[in-house]
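upload.tsv (TSV, C-alpha atoms)
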chain	number	residue	atom	x	y	z
A	789	MET	CA	89.84	101.91	104.34
A	790	LEU	CA	91.93	105.06	104.48
A	791	SER	CA	93.88	104.08	101.39
A	792	GLU	CA	92.92	102.55	98.08
A	793	PRO	CA	93.44	98.77	98.04
A	794	ARG	CA	95.96	97.53	95.51
A	795	SER	CA	93.34	95.16	94.16
A	796	GLY	CA	91.07	98.16	93.58
A	797	ARG	CA	93.70	99.94	91.50
A	798	LEU	CA	94.39	96.77	89.51
A	799	ALA	CA	90.68	96.21	88.86
A	800	ALA	CA	89.92	99.84	87.91
A	801	TRP	CA	92.90	100.51	85.66
A	802	GLY	CA	92.91	96.97	84.32
A	803	ASN	CA	89.30	97.51	83.23
A	804	ALA	CA	90.27	100.79	81.56
A	805	LEU	CA	93.11	99.03	79.76
A	806	LEU	CA	90.92	96.12	78.64
A	807	ALA	CA	88.40	98.65	77.29
A	808	GLY	CA	91.11	100.42	75.31
A	809	LEU	CA	90.72	103.67	77.26
A	810	VAL	CA	94.31	103.90	78.57
A	811	SER	CA	97.70	102.71	77.38
A	812	PRO	CA	99.45	99.75	79.03
A	813	ASP	CA	102.18	102.04	80.35
A	814	ASP	CA	99.70	104.46	81.97
A	815	ALA	CA	97.67	101.61	83.47
A	816	VAL	CA	100.68	99.85	84.98
A	817	LEU	CA	102.18	103.11	86.27
A	818	THR	CA	98.98	103.89	88.16
A	819	ILE	CA	98.49	100.34	89.45
A	820	VAL	CA	102.04	100.20	90.84
A	821	GLY	CA	101.70	103.64	92.45
A	822	ASP	CA	104.32	104.18	95.15
A	823	ASP	CA	105.44	100.54	95.12
A	824	ALA	CA	108.74	99.59	93.51
A	825	VAL	CA	107.49	96.84	91.22
A	826	HIS	CA	104.56	94.48	90.64
A	827	ARG	CA	104.88	91.04	89.09
A	828	MET	CA	102.47	88.17	88.47
A	829	GLU	CA	103.12	84.47	88.86
A	830	GLY	CA	101.08	81.37	88.10
A	831	LEU	CA	99.91	82.57	84.68
A	832	PRO	CA	99.20	79.68	82.28
A	833	GLY	CA	102.07	79.34	79.84
A	834	GLU	CA	104.61	81.11	82.09
A	835	THR	CA	107.19	79.30	84.18
A	836	GLY	CA	107.85	82.16	86.59
A	837	PRO	CA	106.85	85.69	87.55
A	838	VAL	CA	106.36	88.20	84.72
A	839	GLY	CA	105.97	91.96	84.63
A	840	LEU	CA	102.53	93.49	84.98
A	841	THR	CA	102.35	94.77	81.39
A	842	LEU	CA	102.97	91.30	80.00
A	843	ALA	CA	100.64	89.76	82.60
A	844	LEU	CA	97.69	91.97	81.69
A	845	GLY	CA	98.24	91.25	78.01
A	846	ARG	CA	98.36	87.53	78.71
A	847	LEU	CA	95.13	87.69	80.73
A	848	ARG	CA	93.43	89.39	77.80
A	849	ALA	CA	94.68	86.65	75.48
A	850	LEU	CA	93.30	84.04	77.90
A	851	GLY	CA	89.82	85.55	77.52
A	852	VAL	CA	89.65	88.02	80.42
A	853	THR	CA	87.40	90.97	79.50
A	854	GLY	CA	86.94	92.56	82.93
A	855	LEU	CA	88.20	92.61	86.51
A	856	ARG	CA	86.24	92.65	89.75
A	857	LEU	CA	87.36	93.61	93.26
A	858	ALA	CA	86.85	91.42	96.32
A	859	LEU	CA	87.33	92.71	99.89
A	860	PRO	CA	86.65	89.72	102.14
A	861	ALA	CA	86.69	89.83	105.93
A	862	PRO	CA	86.19	87.07	108.54
A	863	GLY	CA	82.63	85.81	108.17
A	864	HIS	CA	82.04	87.94	105.07
A	865	PRO	CA	83.46	86.58	101.76
A	866	LEU	CA	82.60	89.83	99.95
A	867	GLY	CA	83.15	89.53	96.20
A	868	LEU	CA	84.44	85.94	96.28
A	869	SER	CA	83.04	82.94	94.43
A	870	GLY	CA	85.30	80.06	95.55
A	871	PRO	CA	86.81	77.55	95.64
A	872	PRO	CA	87.60	77.45	99.38
A	873	GLU	CA	91.35	77.38	98.75
A	874	PHE	CA	91.25	80.64	96.83
A	875	ASN	CA	88.84	82.22	99.31
A	876	ALA	CA	91.20	81.40	102.18
A	877	ARG	CA	94.14	83.02	100.42
A	878	ALA	CA	92.10	86.11	99.54
A	879	LEU	CA	90.83	86.35	103.12
A	880	ASP	CA	94.39	86.24	104.41
A	881	ALA	CA	95.31	89.13	102.08
A	882	GLU	CA	91.98	90.88	102.80
A	883	GLU	CA	91.62	91.60	99.07
A	884	ALA	CA	91.67	89.99	95.63
A	885	VAL	CA	90.79	90.53	91.98
A	886	ILE	CA	88.39	88.18	90.22
A	887	CYS	CA	88.67	87.95	86.43
A	888	TYR	CA	85.57	88.17	84.25
A	889	GLY	CA	85.54	86.13	81.05
A	890	ALA	CA	88.01	83.50	82.30
A	891	ALA	CA	88.10	81.65	85.62
A	892	PHE	CA	91.13	83.23	87.28
A	893	GLY	CA	91.65	85.13	90.49
A	894	LEU	CA	94.56	87.34	91.55
A	895	VAL	CA	95.77	87.70	95.13
A	896	PRO	CA	98.55	90.15	96.08
A	897	GLU	CA	101.47	89.20	98.30
A	898	VAL	CA	103.38	92.22	99.59
A	899	TYR	CA	107.10	92.26	100.44
A	900	GLU	CA	108.49	95.23	102.38
A	901	ALA	CA	112.10	96.11	103.23
A	902	GLY	CA	113.74	99.15	104.77
A	903	PRO	CA	112.96	101.58	107.59
A	904	GLU	CA	109.61	103.32	108.06
A	905	GLY	CA	109.37	106.26	105.70
A	906	ASP	CA	111.76	104.67	103.22
A	907	LEU	CA	110.13	101.32	102.51
A	908	HIS	CA	110.93	99.36	99.38
A	909	VAL	CA	107.72	97.53	98.44
A	910	GLU	CA	107.36	94.75	95.90
A	911	VAL	CA	104.11	92.99	95.09
A	912	VAL	CA	103.61	89.55	93.58
A	913	TRP	CA	100.13	88.79	92.24
A	914	HIS	CA	99.33	85.08	92.44
A	915	CYS	CA	97.13	83.92	89.57
A	916	LEU	CA	94.91	81.04	90.71
A	917	PRO	CA	91.84	79.20	89.41
A	918	VAL	CA	88.45	80.34	90.71
A	919	ARG	CA	84.90	79.07	90.46
A	920	GLU	CA	82.70	80.65	87.81
A	921	ALA	CA	79.84	81.90	89.96
A	922	PRO	CA	78.30	85.25	90.97
A	923	PRO	CA	80.45	87.18	93.49
A	924	ALA	CA	79.19	87.00	97.06
A	925	ASP	CA	77.12	89.83	98.57
A	926	VAL	CA	77.96	92.61	96.08
A	927	PRO	CA	75.15	95.20	95.85
A	928	SER	CA	74.21	97.38	92.90
A	929	LEU	CA	75.42	100.97	92.90
A	930	GLY	CA	71.93	102.19	93.80
A	931	GLU	CA	71.67	99.78	96.73
A	932	ALA	CA	75.16	100.71	97.92
A	933	GLU	CA	74.40	104.43	97.84
A	934	ARG	CA	71.18	104.00	99.85
A	935	GLU	CA	72.87	101.70	102.38
A	936	LEU	CA	75.73	104.17	102.88
A	937	ALA	CA	73.41	107.08	103.62
A	938	GLU	CA	71.39	105.03	106.12
A	939	ALA	CA	74.44	103.52	107.82
A	940	LEU	CA	76.18	106.87	108.17
A	941	ARG	CA	73.09	108.45	109.73
A	942	ASP	CA	72.50	105.57	112.15
A	943	ALA	CA	76.15	105.27	113.20
A	944	THR	CA	76.57	109.01	113.72
A	945	GLU	CA	73.53	109.02	116.01
A	946	VAL	CA	74.75	106.07	118.10
A	947	LEU	CA	78.38	107.22	118.33
A	948	SER	CA	77.35	110.75	119.28
A	949	ARG	CA	75.07	109.41	122.01
A	950	LEU	CA	77.98	107.37	123.42
A	951	ASP	CA	80.38	110.32	123.11
A	952	VAL	CA	82.76	108.36	120.87
A	953	ALA	CA	82.45	110.24	117.61
A	954	ALA	CA	85.86	110.94	116.09
A	955	SER	CA	87.12	114.23	117.52
A	956	GLY	CA	90.18	115.93	118.88
A	957	PRO	CA	93.52	116.90	117.32
A	958	VAL	CA	94.42	113.41	116.09
A	959	ALA	CA	91.11	113.01	114.29
A	960	GLU	CA	91.27	116.55	112.90
A	961	ALA	CA	94.76	115.91	111.52
A	962	ALA	CA	93.60	112.69	109.87
A	963	ILE	CA	90.58	114.41	108.33
A	964	ASP	CA	92.79	117.24	107.03
A	965	ALA	CA	95.13	114.68	105.46
A	966	TYR	CA	92.18	112.93	103.83
A	967	ARG	CA	90.87	116.21	102.42
A	968	ALA	CA	94.31	117.09	101.08
A	969	ARG	CA	94.51	113.75	99.27
A	970	ALA	CA	90.98	114.16	97.93
A	971	GLU	CA	91.73	117.64	96.63
A	972	ARG	CA	94.79	116.57	94.69
A	973	LYS	CA	94.36	116.29	90.95
A	974	ARG	CA	94.07	112.52	91.11
A	975	GLU	CA	91.55	110.53	89.15
A	976	VAL	CA	89.04	108.65	91.25
A	977	LEU	CA	88.61	105.18	89.77
A	978	ALA	CA	89.68	105.19	86.10
A	979	PRO	CA	88.43	106.25	82.67
A	980	GLY	CA	85.20	104.52	81.69
A	981	TYR	CA	83.56	104.46	85.12
A	982	PRO	CA	80.13	106.12	85.53
A	983	PRO	CA	79.91	109.27	87.68
A	984	ARG	CA	77.67	107.46	90.15
A	985	ALA	CA	80.45	104.93	90.83
A	986	VAL	CA	82.85	107.76	91.62
A	987	ARG	CA	80.30	109.32	93.99
A	988	VAL	CA	79.65	106.02	95.76
A	989	LEU	CA	83.37	105.28	96.15
A	990	GLU	CA	84.11	108.72	97.59
A	991	LEU	CA	81.27	108.37	100.10
A	992	ALA	CA	82.41	104.85	101.02
A	993	GLN	CA	85.93	106.16	101.67
A	994	ARG	CA	84.60	108.95	103.90
A	995	VAL	CA	82.49	106.45	105.85
A	996	GLY	CA	85.55	104.21	106.16
A	997	LEU	CA	87.51	107.16	107.53
A	998	LEU	CA	84.86	107.75	110.21
A	999	VAL	CA	85.00	104.09	111.25
A	1000	SER	CA	88.81	104.08	111.39
A	1001	LEU	CA	88.97	107.27	113.45
A	1002	ALA	CA	86.30	106.04	115.86
A	1003	ARG	CA	88.27	102.82	116.41
A	1004	GLU	CA	91.65	104.52	116.78
A	1005	ASN	CA	90.51	107.18	119.27
A	1006	GLY	CA	90.08	104.82	122.20
A	1007	HIS	CA	86.83	104.31	124.03
A	1008	GLY	CA	85.91	107.99	124.36
A	1009	GLY	CA	82.97	108.34	126.71
A	1010	ALA	CA	82.00	104.66	126.49
A	1011	VAL	CA	82.98	103.78	130.04
A	1012	SER	CA	80.89	100.67	130.65
A	1013	SER	CA	81.22	97.32	128.94
A	1014	ALA	CA	77.66	97.67	127.72
A	1015	GLU	CA	78.45	101.02	126.10
A	1016	MET	CA	81.65	99.69	124.54
A	1017	GLY	CA	79.69	96.75	123.20
A	1018	ALA	CA	77.10	99.11	121.74
A	1019	ARG	CA	79.85	101.10	120.11
A	1020	ALA	CA	81.35	98.00	118.51
A	1021	GLU	CA	77.92	96.93	117.31
A	1022	ALA	CA	77.40	100.38	115.77
A	1023	LEU	CA	80.72	100.29	113.90
A	1024	ARG	CA	80.50	96.73	112.60
A	1025	PRO	CA	77.59	97.16	110.16
A	1026	VAL	CA	78.88	100.55	109.01
A	1027	GLU	CA	82.27	99.09	108.11
A	1028	ARG	CA	80.54	96.23	106.30
A	1029	VAL	CA	78.33	98.61	104.31
A	1030	ALA	CA	81.34	100.75	103.36
A	1031	ARG	CA	83.25	97.72	102.07
A	1032	ARG	CA	80.21	96.55	100.09
A	1033	ALA	CA	79.85	99.99	98.53
A	1034	GLN	CA	83.54	100.16	97.65
A	1035	VAL	CA	83.33	96.81	95.86
A	1036	ALA	CA	80.13	97.87	94.06
A	1037	ALA	CA	81.87	101.00	92.76
A	1038	TYR	CA	84.95	99.19	91.45
A	1039	ASN	CA	82.86	96.43	89.89
A	1040	SER	CA	80.26	98.69	88.28
A	1041	VAL	CA	81.66	98.64	84.75
A	1042	VAL	CA	81.71	94.84	84.69
A	1043	GLU	CA	78.21	94.67	86.19
A	1044	GLU	CA	76.89	97.08	83.55
A	1045	ARG	CA	78.46	95.02	80.79
A	1046	GLU	CA	76.94	91.86	82.26
A	1047	ARG	CA	73.49	93.48	82.28
A	1048	GLY	CA	73.96	94.71	78.71
A	1049	VAL	CA	74.01	98.40	79.63
A	1050	ARG	CA	77.10	98.92	77.50
Could you take the file, read its structure, and then write that structure out as structure tokens?
Amino acid sequence: MLSEPRSGRLAAWGNALLAGLVSPDDAVLTIVGDDAVHRMEGLPGETGPVGLTLALGRLRALGVTGLRLALPAPGHPLGLSGPPEFNARALDAEEAVICYGAAFGLVPEVYEAGPEGDLHVEVVWHCLPVREAPPADVPSLGEAERELAEALRDATEVLSRLDVAASGPVAEAAIDAYRARAERKREVLAPGYPPRAVRVLELAQRVGLLVSLARENGHGGAVSSAEMGARAEALRPVERVARRAQVAAYNSVVEERERGVR
């Protein structure tokens, strides 16, 4: 969770585009980011892959009025609604976008070429049918914010007791890099999102950073199998809460529209 999922960028800036808050060029430029190109295949009426600008316009014409993020993990189909075939593909990619207003889902397939540091990345979004049903296990923003605060407090206590809290030069360098990215003049989420969604997403990303650093820094002081098991048990629910909160933040504009807030 150290970087923004591609499906998150597509959902956020696609929502801003569908709401008329950004231009197609600005939306696509932000969605593509550092990748070389994004295309979409499987769209009704198209015989092959098409560019992202045309694809988003076609989705709007097909009745799509919003986009939701899904971040599934083994045993946790977060944000998915079926059918099983789509869920399996999304689980393999560990992310997906679910359309609101028309029963389509989008799963990215990433192609990389070139040496590390000079990768050429292309992304193909596969447009597939989905089941029209509520997304699985997505909390409200309020629930997500409360869960994050509780999970962070509980995990910090357990990890500190086991002497496995992220520390040392590697962790400090990662935290400095995160802060540098956060301090850049980049827009969190996209135009049209409520301030609370931005706050929840930033907290979820910080919690995700803690989990990643704790996992990457070895076993620390957890020398017994029991202690290592306790550490894993402490990290698992925190990572789950952070993913739930991230999905809640990205999906908030669609959820508000569904509830008639806007």
Residues within 7 Å of Leu868 in chain A, all atoms listed in the file, excluding chain neighbours under 6 positions, as a list in words:
Ala858, Asn875, Pro923 and Ala924 of chain A
So, counting all atoms listed in the file, which residue among A:Ala985, A:Ala799, A:Leu857, A:Ala884 is closest to Leu929 in chain A?
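Ranked by minimum distance to Leu929 in chain A, first place goes to A:Ala985.
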Within 10 Å of Arg1028 in chain A, counting all atoms listed in the file, which residues qualify if same-chain residues fewer than 3 places away don't, as a PyMOL selection string?
chain A and resi 859-861+864+866+936+939+996+1023-1025+1031-1034
Which of these residues is nearest to Ala1036 in chain A, using all atoms listed in the file: A:Glu931, A:Glu873, A:Glu829, A:Glu910?
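Among A:Glu931, A:Glu873, A:Glu829, A:Glu910, it is A:Glu931 that comes nearest to Ala1036 in chain A.
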For the atom pair CA of Ser795 in chain A and CA of Val911 in chain A, what is the interatomic distance in Å to one decimal place?
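We find that CA of Ser795 in chain A and CA of Val911 in chain A lie 11.0 Å from each other.
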For Arg848 in chain A, work out the shell of residues within 12 Å, counting all atoms listed in the file and skipping chain neighbours fewer than 5 positions away, then give it as a CSV table (one decimal) with C-alpha atoms, in the coordinates of the input.
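Writing the result to selection_14.csv gives the following:
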chain,number,residue,atom,x,y,z
A,802,GLY,CA,92.9,97.0,84.3
A,803,ASN,CA,89.3,97.5,83.2
A,805,LEU,CA,93.1,99.0,79.8
A,806,LEU,CA,90.9,96.1,78.6
A,807,ALA,CA,88.4,98.6,77.3
A,808,GLY,CA,91.1,100.4,75.3
A,831,LEU,CA,99.9,82.6,84.7
A,841,THR,CA,102.4,94.8,81.4
A,842,LEU,CA,103.0,91.3,80.0
A,843,ALA,CA,100.6,89.8,82.6
A,853,THR,CA,87.4,91.0,79.5
A,854,GLY,CA,86.9,92.6,82.9
A,855,LEU,CA,88.2,92.6,86.5
A,887,CYS,CA,88.7,88.0,86.4
A,888,TYR,CA,85.6,88.2,84.2
A,889,GLY,CA,85.5,86.1,81.0
A,890,ALA,CA,88.0,83.5,82.3
A,892,PHE,CA,91.1,83.2,87.3
